[in-house]
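Colleague: Provided below: input-v1.csv, containing CSV, C-alpha atoms.
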```csv
chain,number,residue,atom,x,y,z
A,7,MET,CA,0.0,0.0,0.0
A,8,GLU,CA,1.3,3.5,-0.9
A,9,LYS,CA,1.9,5.4,2.3
A,10,LYS,CA,4.8,7.6,1.3
A,11,ASN,CA,3.3,10.8,0.0
A,12,LEU,CA,1.9,13.6,2.1
A,13,ASP,CA,-0.7,14.3,-0.6
A,14,SER,CA,-1.6,10.6,-1.0
A,15,LYS,CA,-5.3,10.1,-0.3
A,16,LEU,CA,-6.8,7.8,2.3
A,17,VAL,CA,-8.4,5.0,0.3
A,18,ILE,CA,-10.9,2.8,2.0
A,19,SER,CA,-12.4,0.1,-0.3
A,20,ASN,CA,-12.8,2.1,-3.5
A,21,LYS,CA,-13.5,5.5,-1.9
A,22,SER,CA,-10.8,8.1,-1.5
A,23,PHE,CA,-10.5,10.9,1.0
A,24,CYS,CA,-8.2,13.9,1.3
A,25,SER,CA,-8.7,14.2,5.0
A,26,ARG,CA,-7.4,11.6,7.4
A,27,LEU,CA,-9.6,12.8,10.2
A,28,ILE,CA,-13.0,11.2,10.7
A,29,ILE,CA,-15.3,12.6,13.3
A,30,GLY,CA,-18.2,11.3,15.2
A,31,THR,CA,-21.5,13.1,15.5
A,32,GLY,CA,-22.5,12.0,19.0
A,33,LYS,CA,-22.5,14.0,22.3
A,34,TYR,CA,-22.6,17.5,20.7
A,35,THR,CA,-24.7,20.1,22.5
A,36,ASN,CA,-26.6,20.5,19.3
A,37,TYR,CA,-26.3,19.7,15.6
A,38,GLU,CA,-25.4,23.3,14.8
A,39,ILE,CA,-22.2,23.1,16.8
A,40,ASN,CA,-21.6,19.6,15.3
A,41,LYS,CA,-21.9,21.0,11.8
A,42,LYS,CA,-19.4,23.9,12.6
A,43,ALA,CA,-17.0,21.5,14.2
A,44,LEU,CA,-17.2,19.3,11.2
A,45,GLU,CA,-16.4,22.2,8.9
A,46,ALA,CA,-13.5,23.2,11.1
A,47,SER,CA,-12.1,19.7,11.2
A,48,GLY,CA,-11.9,19.4,7.4
A,49,ALA,CA,-13.2,15.8,7.8
A,50,GLU,CA,-15.1,14.3,4.9
A,51,MET,CA,-16.5,11.3,6.7
A,52,VAL,CA,-18.7,11.1,9.8
A,53,THR,CA,-19.9,8.3,11.9
A,54,VAL,CA,-23.6,8.2,12.6
A,55,ALA,CA,-25.9,6.0,14.7
A,56,MET,CA,-29.3,4.5,14.0
A,57,ARG,CA,-32.2,5.1,16.3
A,58,ARG,CA,-36.0,5.2,16.4
A,59,VAL,CA,-37.7,8.2,14.8
A,60,ASN,CA,-39.2,10.4,17.6
A,61,LEU,CA,-42.9,10.2,16.8
A,62,SER,CA,-44.0,12.6,19.6
A,63,ASN,CA,-42.0,15.5,18.2
A,64,ASN,CA,-41.8,15.9,14.4
A,65,LEU,CA,-40.1,19.2,14.8
A,66,GLU,CA,-37.0,17.8,16.6
A,67,PRO,CA,-33.8,18.8,14.8
A,68,LYS,CA,-32.5,16.0,12.5
A,69,LEU,CA,-28.9,15.2,11.9
A,70,THR,CA,-29.5,15.1,8.1
A,71,ASP,CA,-30.8,18.7,8.2
A,72,TYR,CA,-27.4,19.9,9.4
A,73,ILE,CA,-25.0,17.4,7.9
A,74,ASN,CA,-25.8,16.6,4.3
A,75,PRO,CA,-25.2,12.9,3.4
A,76,LYS,CA,-24.6,14.0,-0.2
A,77,LYS,CA,-21.7,16.2,0.9
A,78,TYR,CA,-20.2,14.1,3.6
A,79,THR,CA,-19.7,10.3,3.7
A,80,PHE,CA,-21.9,8.8,6.3
A,81,LEU,CA,-20.4,5.8,8.1
A,82,PRO,CA,-23.3,4.1,9.9
A,83,ASN,CA,-22.2,2.4,13.1
A,84,THR,CA,-23.6,-0.3,15.3
A,85,ALA,CA,-23.0,1.5,18.6
A,86,GLY,CA,-25.1,-0.1,21.3
A,87,CYS,CA,-25.1,-3.5,19.7
A,88,PHE,CA,-24.0,-6.3,21.9
A,89,ASN,CA,-24.6,-9.2,19.5
A,90,SER,CA,-24.3,-10.2,15.9
A,91,GLU,CA,-28.0,-10.2,15.2
A,92,ASP,CA,-28.5,-6.6,16.3
A,93,ALA,CA,-25.5,-5.3,14.4
A,94,ILE,CA,-26.6,-6.9,11.2
A,95,ARG,CA,-30.1,-5.7,11.6
A,96,THR,CA,-28.9,-2.1,12.3
A,97,LEU,CA,-26.6,-2.0,9.3
A,98,SER,CA,-29.2,-3.6,7.0
A,99,LEU,CA,-31.6,-0.7,7.9
A,100,ALA,CA,-28.8,1.8,7.3
A,101,LYS,CA,-28.3,0.3,3.9
A,102,GLU,CA,-32.0,0.6,3.2
A,103,ILE,CA,-32.0,4.3,3.9
A,104,GLY,CA,-29.7,5.2,1.1
A,105,GLY,CA,-27.5,2.4,0.0
A,106,TRP,CA,-24.8,2.9,2.6
A,107,ASP,CA,-22.6,-0.2,2.4
A,108,MET,CA,-19.5,1.1,4.0
A,109,VAL,CA,-20.1,0.7,7.7
A,110,LYS,CA,-18.4,0.8,11.1
A,111,LEU,CA,-18.9,-2.5,12.9
A,112,GLU,CA,-18.7,-2.5,16.6
A,113,VAL,CA,-20.0,-5.4,18.7
A,114,LEU,CA,-19.6,-4.5,22.3
A,115,SER,CA,-19.0,-6.8,25.2
A,116,ASP,CA,-19.8,-5.1,28.5
A,117,LYS,CA,-21.2,-1.7,29.4
A,118,LYS,CA,-18.4,-0.6,31.8
A,119,THR,CA,-15.5,-0.9,29.4
A,120,LEU,CA,-17.4,-0.9,26.0
A,121,TYR,CA,-14.6,-3.2,24.9
A,122,PRO,CA,-15.4,-4.9,21.6
A,123,ASP,CA,-16.4,-8.6,21.8
A,124,MET,CA,-13.9,-9.8,19.2
A,125,ILE,CA,-15.4,-13.3,18.7
A,126,GLU,CA,-18.7,-11.7,17.8
A,127,THR,CA,-17.0,-9.0,15.8
A,128,ILE,CA,-15.2,-11.5,13.6
A,129,LYS,CA,-18.3,-13.6,13.2
A,130,THR,CA,-20.4,-10.6,12.3
A,131,ALA,CA,-17.9,-9.1,9.9
A,132,LYS,CA,-17.8,-12.4,7.9
A,133,ILE,CA,-21.6,-12.3,7.5
A,134,LEU,CA,-21.7,-8.6,6.6
A,135,ILE,CA,-18.9,-9.0,4.0
A,136,SER,CA,-20.7,-12.0,2.5
A,137,LYS,CA,-23.7,-9.6,2.1
A,138,GLY,CA,-21.7,-7.1,0.3
A,139,PHE,CA,-20.9,-4.6,3.1
A,140,LYS,CA,-17.6,-2.8,3.3
A,141,VAL,CA,-16.7,-3.4,6.9
A,142,LEU,CA,-14.6,-1.1,9.0
A,143,ALA,CA,-14.1,-3.0,12.2
A,144,TYR,CA,-13.7,-1.5,15.6
A,145,CYS,CA,-11.4,-3.8,17.5
A,146,THR,CA,-9.0,-4.3,20.4
A,147,ASP,CA,-5.3,-3.4,19.8
A,148,ASP,CA,-4.3,-7.1,19.5
A,149,PRO,CA,-2.2,-7.5,16.3
A,150,VAL,CA,-3.3,-11.2,16.0
A,151,LEU,CA,-7.0,-10.3,15.9
A,152,ALA,CA,-6.4,-7.3,13.7
A,153,LYS,CA,-4.8,-9.6,11.2
A,154,LYS,CA,-7.7,-12.0,11.3
A,155,LEU,CA,-10.1,-9.1,10.5
A,156,GLU,CA,-7.9,-8.2,7.5
A,157,ASN,CA,-7.8,-11.8,6.4
A,158,ILE,CA,-11.6,-12.2,6.4
A,159,GLY,CA,-11.9,-9.2,4.1
A,160,CYS,CA,-12.5,-6.1,6.3
A,161,SER,CA,-11.9,-2.9,4.4
A,162,ALA,CA,-10.2,-1.1,7.3
A,163,ILE,CA,-9.1,-2.0,10.9
A,164,MET,CA,-10.1,0.3,13.7
A,165,PRO,CA,-8.1,-0.5,16.8
A,166,LEU,CA,-8.9,1.3,20.0
A,167,GLY,CA,-6.3,3.6,21.7
A,168,SER,CA,-8.1,3.2,25.0
A,169,PRO,CA,-11.8,2.8,26.0
A,170,ILE,CA,-14.4,4.8,24.2
A,171,GLY,CA,-14.8,8.3,25.6
A,172,SER,CA,-12.1,7.8,28.2
A,173,GLY,CA,-9.7,10.4,26.7
A,174,MET,CA,-6.8,8.2,27.9
A,175,GLY,CA,-5.0,8.4,24.6
A,176,ILE,CA,-3.0,5.5,23.1
A,177,LEU,CA,-2.2,3.1,26.0
A,178,ASN,CA,-0.2,0.6,23.9
A,179,PRO,CA,1.6,2.4,21.1
A,180,LEU,CA,3.7,-0.7,20.5
A,181,ASN,CA,0.7,-2.7,19.5
A,182,ILE,CA,-0.7,0.0,17.3
A,183,LYS,CA,2.7,0.2,15.5
A,184,LEU,CA,2.7,-3.6,15.1
A,185,ILE,CA,-0.8,-3.5,13.6
A,186,VAL,CA,0.2,-0.7,11.2
A,187,GLU,CA,3.3,-2.5,10.1
A,188,GLN,CA,1.6,-5.8,9.4
A,189,SER,CA,-1.5,-4.5,7.6
A,190,ASN,CA,-2.4,-4.0,4.0
A,191,VAL,CA,-5.7,-2.2,4.7
A,192,PRO,CA,-6.1,1.2,6.3
A,193,ILE,CA,-5.6,1.4,10.0
A,194,ILE,CA,-7.9,4.0,11.7
A,195,LEU,CA,-7.2,4.7,15.4
A,196,ASP,CA,-10.6,4.7,17.0
A,197,ALA,CA,-11.5,5.5,20.6
A,198,GLY,CA,-9.6,7.0,23.4
A,199,ILE,CA,-8.2,10.2,21.8
A,200,GLY,CA,-8.3,12.9,24.5
A,201,THR,CA,-6.2,15.7,23.0
A,202,ALA,CA,-4.3,16.8,19.9
A,203,SER,CA,-1.1,15.1,20.9
A,204,ASP,CA,-2.9,11.7,21.0
A,205,ALA,CA,-4.2,12.2,17.5
A,206,CYS,CA,-0.7,13.3,16.4
A,207,LEU,CA,0.9,10.2,18.0
A,208,ALA,CA,-1.6,7.9,16.2
A,209,MET,CA,-0.5,9.4,12.9
A,210,GLU,CA,3.2,9.4,13.9
A,211,LEU,CA,2.9,5.7,14.5
A,212,GLY,CA,1.7,5.3,10.9
A,213,CYS,CA,-2.0,5.1,11.3
A,214,ASP,CA,-3.8,6.0,8.1
A,215,ALA,CA,-6.5,8.0,9.9
A,216,VAL,CA,-8.0,8.7,13.3
A,217,LEU,CA,-11.6,8.8,14.4
A,218,ILE,CA,-12.5,11.3,17.1
A,219,ASN,CA,-15.8,12.0,18.8
A,220,SER,CA,-15.8,12.8,22.5
A,221,ALA,CA,-12.5,14.8,22.5
A,222,ILE,CA,-14.1,17.3,20.1
A,223,ALA,CA,-17.7,17.1,21.1
A,224,ASN,CA,-17.0,17.4,24.9
A,225,ALA,CA,-14.3,20.1,24.6
A,226,LYS,CA,-15.1,23.5,26.0
A,227,ASN,CA,-14.8,24.8,22.5
A,228,PRO,CA,-15.6,22.0,20.1
A,229,ILE,CA,-15.1,24.1,17.0
A,230,ASN,CA,-11.5,25.2,17.9
A,231,MET,CA,-10.7,21.7,19.1
A,232,ALA,CA,-11.8,20.3,15.8
A,233,ARG,CA,-9.3,22.6,14.1
A,234,ALA,CA,-6.6,21.5,16.6
A,235,MET,CA,-7.3,17.9,15.7
A,236,LYS,CA,-7.1,18.6,12.0
A,237,ASN,CA,-3.7,20.2,12.5
A,238,ALA,CA,-2.5,17.4,14.8
A,239,VAL,CA,-3.4,14.8,12.2
A,240,LEU,CA,-1.7,16.7,9.4
A,241,SER,CA,1.4,17.2,11.6
A,242,GLY,CA,1.5,13.6,12.7
A,243,ARG,CA,1.2,12.4,9.1
A,244,GLU,CA,4.0,14.6,7.9
A,245,CYS,CA,6.1,13.5,10.8
A,246,TYR,CA,5.5,9.8,10.0
A,247,LEU,CA,6.4,10.3,6.4
A,248,SER,CA,9.5,12.4,7.3
A,249,GLY,CA,11.0,9.6,9.5
A,250,ARG,CA,11.7,10.5,13.1
A,251,ILE,CA,15.2,10.1,14.6
A,252,GLN,CA,15.9,7.0,16.7
A,253,LYS,CA,15.7,7.2,20.5
A,254,LYS,CA,19.0,6.9,22.2
A,255,PRO,CA,19.9,6.6,25.9
A,256,SER,CA,22.8,9.1,25.6
A,257,ALA,CA,23.3,12.6,24.3
A,258,THR,CA,24.7,13.5,20.9
A,259,ALA,CA,26.1,17.0,20.6
A,260,THR,CA,24.2,19.3,18.2
A,261,SER,CA,27.1,21.8,17.7
A,262,PRO,CA,30.4,20.7,16.0
A,263,THR,CA,32.9,19.1,18.4
A,264,LYS,CA,35.8,20.1,16.2
A,265,ARG,CA,37.7,23.4,16.4
A,266,ILE,CA,36.6,24.1,19.9
A,267,PHE,CA,38.8,26.9,21.3
A,268,ASN,CA,40.1,27.4,24.8
B,183,MET,CA,-65.5,-4.2,9.0
B,184,LYS,CA,-63.9,-1.5,6.9
B,185,ASN,CA,-63.9,1.2,9.7
B,186,LYS,CA,-62.8,-1.1,12.5
B,187,LYS,CA,-59.7,0.0,14.3
B,188,ILE,CA,-56.7,-2.2,14.7
B,189,GLU,CA,-54.0,-2.2,17.2
B,190,ILE,CA,-50.4,-1.9,16.0
B,191,TYR,CA,-47.1,-1.0,17.6
B,192,ILE,CA,-44.9,1.8,16.2
B,193,ASN,CA,-41.5,2.1,17.7
B,194,GLY,CA,-42.7,0.2,20.7
B,195,GLU,CA,-45.8,2.3,21.3
B,196,LYS,CA,-49.3,0.9,21.0
B,197,LYS,CA,-51.4,2.8,18.4
B,198,LEU,CA,-55.0,2.4,17.2
B,199,VAL,CA,-55.3,2.9,13.5
B,200,ASN,CA,-57.9,2.3,10.8
B,201,ASN,CA,-58.1,-1.1,9.2
B,202,ASN,CA,-56.8,-1.6,5.7
B,203,ASN,CA,-54.2,1.1,6.0
B,204,SER,CA,-51.1,0.9,3.9
B,205,LEU,CA,-47.7,1.7,5.4
B,206,GLU,CA,-47.7,4.9,3.5
B,207,ASP,CA,-51.1,5.8,5.1
B,208,ILE,CA,-49.6,5.2,8.5
B,209,LEU,CA,-46.6,7.4,7.8
B,210,LYS,CA,-49.0,10.2,6.8
B,211,ALA,CA,-51.2,9.7,9.8
B,212,PHE,CA,-48.2,10.1,12.1
B,213,ASN,CA,-46.5,12.9,10.1
B,214,VAL,CA,-43.4,10.9,9.5
B,215,ASN,CA,-41.2,12.4,6.8
B,216,GLU,CA,-40.1,9.6,4.4
B,217,LYS,CA,-36.7,11.1,3.8
B,218,PHE,CA,-33.7,9.3,5.3
B,219,ILE,CA,-35.7,6.7,7.2
B,220,ALA,CA,-35.9,2.9,7.0
B,221,ILE,CA,-38.8,0.8,8.1
B,222,GLU,CA,-39.2,-2.8,9.4
B,223,VAL,CA,-42.6,-4.5,9.8
B,224,ASN,CA,-42.3,-7.5,12.0
B,225,LYS,CA,-38.5,-7.4,11.7
B,226,GLU,CA,-38.7,-7.5,7.9
B,227,ILE,CA,-37.3,-4.4,6.0
B,228,ILE,CA,-39.8,-2.9,3.7
B,229,PRO,CA,-38.3,-1.1,0.7
B,230,LYS,CA,-39.5,2.4,0.1
B,231,SER,CA,-41.1,1.4,-3.2
B,232,LEU,CA,-43.5,-0.9,-1.3
B,233,TYR,CA,-44.7,1.6,1.3
B,234,SER,CA,-48.0,2.2,-0.6
B,235,ASN,CA,-48.7,-1.6,-1.2
B,236,LYS,CA,-47.8,-2.9,2.2
B,237,VAL,CA,-51.0,-3.4,4.2
B,238,ILE,CA,-50.7,-3.0,7.9
B,239,LEU,CA,-52.4,-5.7,9.9
B,240,ASN,CA,-53.6,-6.1,13.5
B,241,ASN,CA,-50.7,-6.5,15.9
B,242,ASP,CA,-48.0,-5.6,13.4
B,243,ARG,CA,-44.9,-4.2,14.9
B,244,ILE,CA,-43.4,-1.3,12.9
B,245,GLU,CA,-40.0,0.1,13.6
B,246,ILE,CA,-39.1,3.4,11.9
B,247,VAL,CA,-35.5,4.4,12.3
B,248,GLU,CA,-33.3,7.3,11.2
B,249,PHE,CA,-29.7,8.5,11.5
B,250,ILE,CA,-28.8,10.4,14.6
B,251,GLY,CA,-25.5,11.6,16.0
B,252,GLY,CA,-23.2,8.8,17.1
B,253,GLY,CA,-19.5,8.0,17.4
```
Could you rewrite the structure in this file as structure tokens?
Modeller:
Amino acid sequence: MEKKNLDSKLVISNKSFCSRLIIGTGKYTNYEINKKALEASGAEMVTVAMRRVNLSNNLEPKLTDYINPKKYTFLPNTAGCFNSEDAIRTLSLAKEIGGWDMVKLEVLSDKKTLYPDMIETIKTAKILISKGFKVLAYCTDDPVLAKKLENIGCSAIMPLGSPIGSGMGILNPLNIKLIVEQSNVPIILDAGIGTASDACLAMELGCDAVLINSAIANAKNPINMARAMKNAVLSGRECYLSGRIQKKPSATATSPTKRIFN
Amino acid sequence: MKNKKIEIYINGEKKLVNNNNSLEDILKAFNVNEKFIAIEVNKEIIPKSLYSNKVILNNDRIEIVEFIGGG
């Protein structure tokens, strides 16, 4: 996979994107702020959830009134699904709305950690792929399981940095790097980003993109934070492509050691 | 029989509606905008093209879903 050019696009399945930042649309105070944050982030893709229409209030603001699915790529997710059946049902409904076949699969295990149930995730991904879905799979940061997801045909692998919404950043950079190095599909760091340096680190490690929701939506100023994340992703990407220096336990003088006068 | 009310469930809520209503009639009755929604009747997805033909029967369970903000 071509990863060497700063201008190279993020290609997932057959779709290409200039921006390597994907943002969520949950937890914002309102859709107006969400829209402005999205514009500031420069993202071209947003994750969205599926829920019941509110029958008792037809005037309730709708996501699609603020964020146009024709302008931005909607990535329907299966947030809140704890088994294969619910996840497939949710994504089949998303597909029915407008032919969305590129989806974010997350099959969760327990409510405290919101860790993905990887056995159910792999099982569900196989079924979805056989039905023609392009699956972006939320997963643990285990390189072995990430490889399994790639081998069964997932379009992108989305390892967590730390638990969803925790803002703990990337707890195991080594594993993320191992996943990046072994993969032939895009790696999107998903979950746990708390601040710009976390997003930057994800990109420095070689991730192809990052997905951020809480860190922007819950920031005191979500619009400015969205811009900060945009810059962090660009900076981290350029850093990765430029090749950082090796870490050493001792100092190396920066100024010439020759012709020192005394 | 024609004007007899039937009992159905929309998004988990029990509703009384006229007999022989199509799914399209139900959407109109509850002011549901057809844009960017998907519908299941008894867990079977109904394509938009069939809304006007799909007759809603007593005890049918209708789920109408849409996109909302999510991560």
Colleague: Residues within 9 Å of B:Lys186, please, as a list in words. Count all atoms listed in the file; anything in the same chain fewer than 5 positions from it doesn't count.
Modeller: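 Within the cut-off, the hits are Val199, Asn200 and Asn201 of chain B.
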Colleague: Near stretch 212-226 of chain A, within 7 Å and counting all atoms listed in the file, which residues show up once chain neighbours fewer than 2 positions away are dropped, as a VMD selection string?
Modeller: (chain A and resid 16 26 to 34 171 173 183 186 192 to 197 199 to 201 205 208 to 210 228 231 to 232 246) or (chain B and resid 253)
Colleague: Save the residues we just selected, C-alpha atoms, as a PDB file, in the frame of the given file?
Modeller:
```pdb
ATOM      1  CA  LEU A  16      -6.800   7.800   2.300  1.00  0.00           C
ATOM      2  CA  ARG A  26      -7.400  11.600   7.400  1.00  0.00           C
ATOM      3  CA  LEU A  27      -9.600  12.800  10.200  1.00  0.00           C
ATOM      4  CA  ILE A  28     -13.000  11.200  10.700  1.00  0.00           C
ATOM      5  CA  ILE A  29     -15.300  12.600  13.300  1.00  0.00           C
ATOM      6  CA  GLY A  30     -18.200  11.300  15.200  1.00  0.00           C
ATOM      7  CA  THR A  31     -21.500  13.100  15.500  1.00  0.00           C
ATOM      8  CA  GLY A  32     -22.500  12.000  19.000  1.00  0.00           C
ATOM      9  CA  LYS A  33     -22.500  14.000  22.300  1.00  0.00           C
ATOM     10  CA  TYR A  34     -22.600  17.500  20.700  1.00  0.00           C
ATOM     11  CA  GLY A 171     -14.800   8.300  25.600  1.00  0.00           C
ATOM     12  CA  GLY A 173      -9.700  10.400  26.700  1.00  0.00           C
ATOM     13  CA  LYS A 183       2.700   0.200  15.500  1.00  0.00           C
ATOM     14  CA  VAL A 186       0.200  -0.700  11.200  1.00  0.00           C
ATOM     15  CA  PRO A 192      -6.100   1.200   6.300  1.00  0.00           C
ATOM     16  CA  ILE A 193      -5.600   1.400  10.000  1.00  0.00           C
ATOM     17  CA  ILE A 194      -7.900   4.000  11.700  1.00  0.00           C
ATOM     18  CA  LEU A 195      -7.200   4.700  15.400  1.00  0.00           C
ATOM     19  CA  ASP A 196     -10.600   4.700  17.000  1.00  0.00           C
ATOM     20  CA  ALA A 197     -11.500   5.500  20.600  1.00  0.00           C
ATOM     21  CA  ILE A 199      -8.200  10.200  21.800  1.00  0.00           C
ATOM     22  CA  GLY A 200      -8.300  12.900  24.500  1.00  0.00           C
ATOM     23  CA  THR A 201      -6.200  15.700  23.000  1.00  0.00           C
ATOM     24  CA  ALA A 205      -4.200  12.200  17.500  1.00  0.00           C
ATOM     25  CA  ALA A 208      -1.600   7.900  16.200  1.00  0.00           C
ATOM     26  CA  MET A 209      -0.500   9.400  12.900  1.00  0.00           C
ATOM     27  CA  GLU A 210       3.200   9.400  13.900  1.00  0.00           C
ATOM     28  CA  PRO A 228     -15.600  22.000  20.100  1.00  0.00           C
ATOM     29  CA  MET A 231     -10.700  21.700  19.100  1.00  0.00           C
ATOM     30  CA  ALA A 232     -11.800  20.300  15.800  1.00  0.00           C
ATOM     31  CA  TYR A 246       5.500   9.800  10.000  1.00  0.00           C
TER      32      TYR A 246
ATOM     33  CA  GLY B 253     -19.500   8.000  17.400  1.00  0.00           C
TER      34      GLY B 253
END
```
Colleague: Once you count all atoms listed in the file, which residues of chain A turn out to be within 7 Å of chain B? Could you give them as a PyMOL selection string?
Modeller: chain A and resi 30-32+53-59+69+99+102-103+219
Colleague: Which distance in Å separates atom CA of A:Asn157 and atom CA of A:Ser189, to one decimal?
Modeller: 9.7 Å
Colleague: Interatomic distance between atom CA of A:Lys42 and atom CA of A:Leu97?
Modeller: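 If I compute the distance from atom CA of A:Lys42 to atom CA of A:Leu97, I get 27.1 Å.
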Colleague: Show me as a PyMOL selection string the residues that reach within 9 Å of (-53.8, -10.1, 17.0), counting all atoms listed in the file and using the file's own coordinates.
Modeller: chain B and resi 188-190+239-242
Colleague: One decimal, in Å: what's the spacing between atom CA of A:Asp13 and atom CA of A:Gln188?
Modeller: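 Atom-to-atom, atom CA of A:Asp13 and atom CA of A:Gln188 are spaced 22.6 Å apart.
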Colleague: As number ranges by chain, please: the residues near A:Met108 (cut-off 7 Å, only C-alpha atoms, same-chain neighbours under 6 positions excluded).
Modeller: A: 81, 139-141
Colleague: For B:Leu209, which residue among B:Lys197, B:Val223, B:Tyr233, B:Arg243 is the nearest when counting all atoms listed in the file?
Modeller: B:Tyr233
